[in-house]
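The next block holds one structure in the form of structure tokens; read it before the comments.
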Amino acid sequence: MGGCIWVMLLLVLVMGAFTAEEDTALCEMLGSTEFPLLSEKGDIIIGGAFSIHSQISKPSLSLTDTPQPLKCSRINLREFRFAQTMIFAIEEINNSSSLLPNISVGYKLFDSCGSTLPSTRAVMSLINGQERTLGKTCSGQSSVHVIIGASESSSTIVMLQISGIFQIPVISHFATCACLSNRKEYPSFFRTIPSDYYQSRALAKLVKHFGWTWVGAVRSDNDYGDNGMATFIEAASQEGICVEFSEAISRTDSPEQVARVVRVIRGGSARVLVAFLAQGEMDILLEEALKQNLTALQWVGSESWITAGHLANKRYSGILSGSLGFTITKTKITGLREFLLQVNPSQDPQSNLLREFWEATFGCSFQSSLHAQSQCSGSERLQDINNPFTDVSELRISNNVYKAVYAVAHALHNMLKCGQSGDAVNQSCSWKDHLEPKQVVKHLQDVNFTLQSGERVYFDGNGDPAATYELVNWQRSQAGDTVFVAVGSYDASLPNGKQFTMNGINITWAAESLKRPLSVCSDSCLPGFRQAAIKGKPICCFSCIACAAGEISNSSNSAECSRCPLEDWSNQDRSQCVPKVIEFLSYGETMGVLLSAFSLFGVGLTLAVSCVFFRFRHTPLVKASNSELSFLLLFSLTLCFLCSLTFIGRPSEWSCMLRHTAFGITFALCMSCILAKTIVVVRAFKARRPANTAPQCSALLQRTSVLSCTLLQVLVCVLWLTFAPPFPHKNTAHATERIILECNLGSPVGFWAVLGYVGLLAALCFVLAFLARKLPDNFNEAKFITFSMLIFCAVWITFIPAYVSSPGKFTVAVEIFAILASSFGLFFCIFAPKCYILLLTPERNTKKHMMGRN
């Protein structure tokens, strides 16, 4: 091992970690090693370091006086039970014929006082033996083969910094700091309690499960609290949880510092407090919380204190009632209670620890002169006492100690090749005078066995056990006592999402309320709203912004609003997508009814005029108007009025093709008739001899011109329908909140070709009619045709920009209006004067009047 040289080098390294004042105290403290509190000789020695005392004195330090040695006080009955559990397990192994036969196991127990300096003294004593000075008597081999302890992460780290140099394995039953899983730094460390890496994440999932997004945090100001809280805050942020404050306390803090921490907790708005505290810090925090009446707070605790029986009393019930937290699974250890009840000072009359335990348990003293206390007789019965030492109903950490001892036994059993000689009778071990610590570490890493309780014990590559927890809730029993009720579980080996489960048992909340407390920075955003971060505040503090039109959030506290599909739109509450309103010009709306009425009115007028013309078909006026063309023109106008009806109603494949082609062909027929009529009028009045009129304007020529002009438009429409016909189209680009059901032109070229051809015929009619403006005035039909063409062209010229700029169904309405307006313009300009003469001034309906000249 290197003997005293190694120890002296170690002292230099260790002392470098302390302040100047602590160096002085450490030198005095390590000037001599102490004797174990409890010990037993054996072939194999297991060392133990437990926080048997919870309070440590802080002697005054000066440069002139020799510092007083550190003194530990206030016995911790729970830790004393851990120590006795270790002794119980060792005695079981010594009495076993199947585990380490013919090998005796001894022990040395030291007090770490829950602090780093006493822990250093304890590990030095365990390694170096009982020599009084650091002189030539320093042995070359550790006095223990394995160390079990300590109960705090910081104390364990200090012990490992010393024992690790000699590669002496350390198995902790209660040190949970995730930092201890670092195999490079601590290659000889094992533990029987899961790492805080898992517990911290389990606590974050627990907080998230109950909807608490705004919590406070308090931790021990040491490795256990700092590492555990750092992991919790990281995991909480991933779950969307914010920490309002994170305070640290130490058992050595001044009362003013502890009071300040409690004031911060009281002043916070968070109603849930995550307490990652060791028992020592929890004790002083609760005392100050009582002074400041800190109540109605939901506590979420770490495994260090969540099942501490001495806290589950009426004194703290107003503060801790309803607490929640994860702890390891409890079990039963057969025979342990009977063993604990046999503890008595008479077992070792020289043991100060046993006498102190007895005095603290029964409130007596072996020295009758102290404060008039009753004198201890040693015959008092532990069976009549119910305290953390005798209470074996919550064997969790004690079971970890039990597993640690058995892990050592199984490792050494395999290392010494016990029972592997092949002789069924000889089950002895191959004893070695010198056990290499490296070999012990190797065999500890490989242990895999099952206890009598059925629990499997093994270590992973980092020296950690399987991470499984129970979720316990502090509830009130019918007798009025606080009991720890398992209400859920957490298994880190399961896939994410299945790790945390509840078992359906009702939970008691803070202040024994049946209603779950609410702890949020901002109230939940209802469906239809999204969260918006507030500048300068955590993400859990937000304002609620209504989703924009076309977006929804169908759950509370949505971070973003989701856009509805193309054919859907958000409802009024912005909570769900509903089908968009489909818009088209229908017969059921006011505009559709009015346009239909005007269309049918136009049809009625043309039919009425047709009847009038048929009635007066033999009169000079009708004959002079070319009755055949007049009837054909009236027929085409009727079709023009009727074709406007095809633009009203839900667009379909057939209606889209019909409406544009019907419009183009009927107006081409109408313009062809007017063109033929204009030519007839011009030729009739320009002829020098009336006898030449008939041959020049024969009926065959009129029919041919009308048919040819119309057939050309029919040809254009056929080409349009063949290559790119109009089709129904859902227009979602023009209006976001509705779907405009319209007819897509298919080919804009085809549409404008049809419209342009009609415009060309109208222009020819206008030019010819304009040339006939100086014909006789008694009945100058060319003049009326000119006016009708002016109206027609004006309507369709204004139609183009109105058609392009009108939205939705108004595009169709503009087109219908242009059809009706131009049709009514043609009808009234051409036929109104004739009807006036036929019906109101029949004296002008004579051949003489028709042929008269001014």
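Ligands are numbered from 1 in the order shown, residues from 1 within each chain, and chains are lettered A, B, ... in the order they appear in the structure tokens.
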Margin query: Please identify the strand (DSSP E or B) residues within range 236-345 of chain A (assignment by DSSP from backbone atoms) and present them as a PyMOL selection string.
Written below: chain A and resi 242-249+272-276+298-301+324-327+331
Next item on the list: Could you tell me which of A:Gln452, A:Asn222, A:Ser627, A:Asn503 comes closest to Lys332 in chain A if we count only C-alpha atoms?
Entry: A:Gln452
Next item on the list: Write out as a ChimeraX atom specification each polymer residue whose atoms come within 10 Å of Ser558 in chain A, counting only C-alpha atoms; drop sequence neighbours fewer than 6 positions from it.
Entry: /A:524-532,544,552
Check: Hey, what's within 12 Å of Thr638 in chain A if we count only C-alpha atoms and toss same-chain stuff fewer than 6 positions away? As a list in words, please?
Finding: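 The residues that qualify are Ser599, Leu600, Phe601, Gly602, Val603, Gly604, Leu605, Thr606, Leu607, Ala608, Val609, Ser610, Phe631, Leu632, Ser644, Leu645, Phe663, Thr666, Phe667, Leu669, Cys670, Ile819, Leu820, Ser823, Phe824, Leu826 and Phe827 of chain A.
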Note to self: When you count only C-alpha atoms, which of these residues is closest to Pro620 in chain A: A:Thr846, A:Asn102, A:Gln350, A:Gln572?
What the structure shows: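 Result for the nearest residue to Pro620 in chain A: A:Thr846.
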Note to self: One number please: CA of Ile837 in chain A to CA of Thr678 in chain A, in Å, one decimal.
What the structure shows: 20.1 Å
Check: Could you write out, as an MDAnalysis selection string, all the residues of range 377-413 of chain A that DSSP marks as helix (DSSP H, G or I)?
Finding: chainID A and resid 382:384 397:413
Next, the residues of the selection above should be written as a PDB file, in the first residue's frame with N, CA and C atoms.
ATOM      1  N   LEU A 382     -37.497  -1.915  25.256  1.00  0.00           N
ATOM      2  CA  LEU A 382     -37.662  -1.252  23.954  1.00  0.00           C
ATOM      3  C   LEU A 382     -38.999  -1.629  23.313  1.00  0.00           C
ATOM      4  N   GLN A 383     -39.581  -2.757  23.725  1.00  0.00           N
ATOM      5  CA  GLN A 383     -40.874  -3.160  23.171  1.00  0.00           C
ATOM      6  C   GLN A 383     -41.967  -2.138  23.474  1.00  0.00           C
ATOM      7  N   ASP A 384     -41.768  -1.342  24.504  1.00  0.00           N
ATOM      8  CA  ASP A 384     -42.776  -0.352  24.890  1.00  0.00           C
ATOM      9  C   ASP A 384     -42.557   0.996  24.200  1.00  0.00           C
ATOM     10  N   ILE A 397     -34.371   2.514   3.455  1.00  0.00           N
ATOM     11  CA  ILE A 397     -32.930   2.719   3.493  1.00  0.00           C
ATOM     12  C   ILE A 397     -32.251   1.603   4.285  1.00  0.00           C
ATOM     13  N   SER A 398     -32.928   1.122   5.327  1.00  0.00           N
ATOM     14  CA  SER A 398     -32.370  -0.011   6.081  1.00  0.00           C
ATOM     15  C   SER A 398     -32.166  -1.210   5.174  1.00  0.00           C
ATOM     16  N   ASN A 399     -33.085  -1.397   4.247  1.00  0.00           N
ATOM     17  CA  ASN A 399     -32.942  -2.506   3.305  1.00  0.00           C
ATOM     18  C   ASN A 399     -31.752  -2.296   2.381  1.00  0.00           C
ATOM     19  N   ASN A 400     -31.438  -1.022   2.082  1.00  0.00           N
ATOM     20  CA  ASN A 400     -30.254  -0.736   1.270  1.00  0.00           C
ATOM     21  C   ASN A 400     -28.970  -1.156   1.994  1.00  0.00           C
ATOM     22  N   VAL A 401     -28.941  -0.890   3.311  1.00  0.00           N
ATOM     23  CA  VAL A 401     -27.791  -1.325   4.110  1.00  0.00           C
ATOM     24  C   VAL A 401     -27.704  -2.854   4.083  1.00  0.00           C
ATOM     25  N   TYR A 402     -28.828  -3.494   4.259  1.00  0.00           N
ATOM     26  CA  TYR A 402     -28.904  -4.953   4.255  1.00  0.00           C
ATOM     27  C   TYR A 402     -28.398  -5.521   2.921  1.00  0.00           C
ATOM     28  N   LYS A 403     -28.822  -4.900   1.797  1.00  0.00           N
ATOM     29  CA  LYS A 403     -28.384  -5.356   0.485  1.00  0.00           C
ATOM     30  C   LYS A 403     -26.891  -5.125   0.285  1.00  0.00           C
ATOM     31  N   ALA A 404     -26.386  -4.004   0.810  1.00  0.00           N
ATOM     32  CA  ALA A 404     -24.960  -3.699   0.656  1.00  0.00           C
ATOM     33  C   ALA A 404     -24.102  -4.758   1.349  1.00  0.00           C
ATOM     34  N   VAL A 405     -24.487  -5.150   2.557  1.00  0.00           N
ATOM     35  CA  VAL A 405     -23.719  -6.166   3.282  1.00  0.00           C
ATOM     36  C   VAL A 405     -23.743  -7.478   2.517  1.00  0.00           C
ATOM     37  N   TYR A 406     -24.914  -7.867   2.029  1.00  0.00           N
ATOM     38  CA  TYR A 406     -25.005  -9.128   1.305  1.00  0.00           C
ATOM     39  C   TYR A 406     -24.276  -9.061  -0.033  1.00  0.00           C
ATOM     40  N   ALA A 407     -24.225  -7.874  -0.656  1.00  0.00           N
ATOM     41  CA  ALA A 407     -23.457  -7.739  -1.894  1.00  0.00           C
ATOM     42  C   ALA A 407     -21.976  -7.990  -1.631  1.00  0.00           C
ATOM     43  N   VAL A 408     -21.474  -7.466  -0.503  1.00  0.00           N
ATOM     44  CA  VAL A 408     -20.074  -7.708  -0.119  1.00  0.00           C
ATOM     45  C   VAL A 408     -19.854  -9.204   0.117  1.00  0.00           C
ATOM     46  N   ALA A 409     -20.771  -9.823   0.822  1.00  0.00           N
ATOM     47  CA  ALA A 409     -20.626 -11.245   1.136  1.00  0.00           C
ATOM     48  C   ALA A 409     -20.611 -12.090  -0.131  1.00  0.00           C
ATOM     49  N   HIS A 410     -21.496 -11.808  -1.058  1.00  0.00           N
ATOM     50  CA  HIS A 410     -21.546 -12.588  -2.297  1.00  0.00           C
ATOM     51  C   HIS A 410     -20.303 -12.344  -3.138  1.00  0.00           C
ATOM     52  N   ALA A 411     -19.813 -11.095  -3.172  1.00  0.00           N
ATOM     53  CA  ALA A 411     -18.602 -10.800  -3.937  1.00  0.00           C
ATOM     54  C   ALA A 411     -17.411 -11.571  -3.369  1.00  0.00           C
ATOM     55  N   LEU A 412     -17.248 -11.546  -2.033  1.00  0.00           N
ATOM     56  CA  LEU A 412     -16.131 -12.263  -1.405  1.00  0.00           C
ATOM     57  C   LEU A 412     -16.314 -13.773  -1.511  1.00  0.00           C
ATOM     58  N   HIS A 413     -17.549 -14.222  -1.465  1.00  0.00           N
ATOM     59  CA  HIS A 413     -17.839 -15.652  -1.621  1.00  0.00           C
ATOM     60  C   HIS A 413     -17.346 -16.140  -2.984  1.00  0.00           C
TER      61      HIS A 413
END
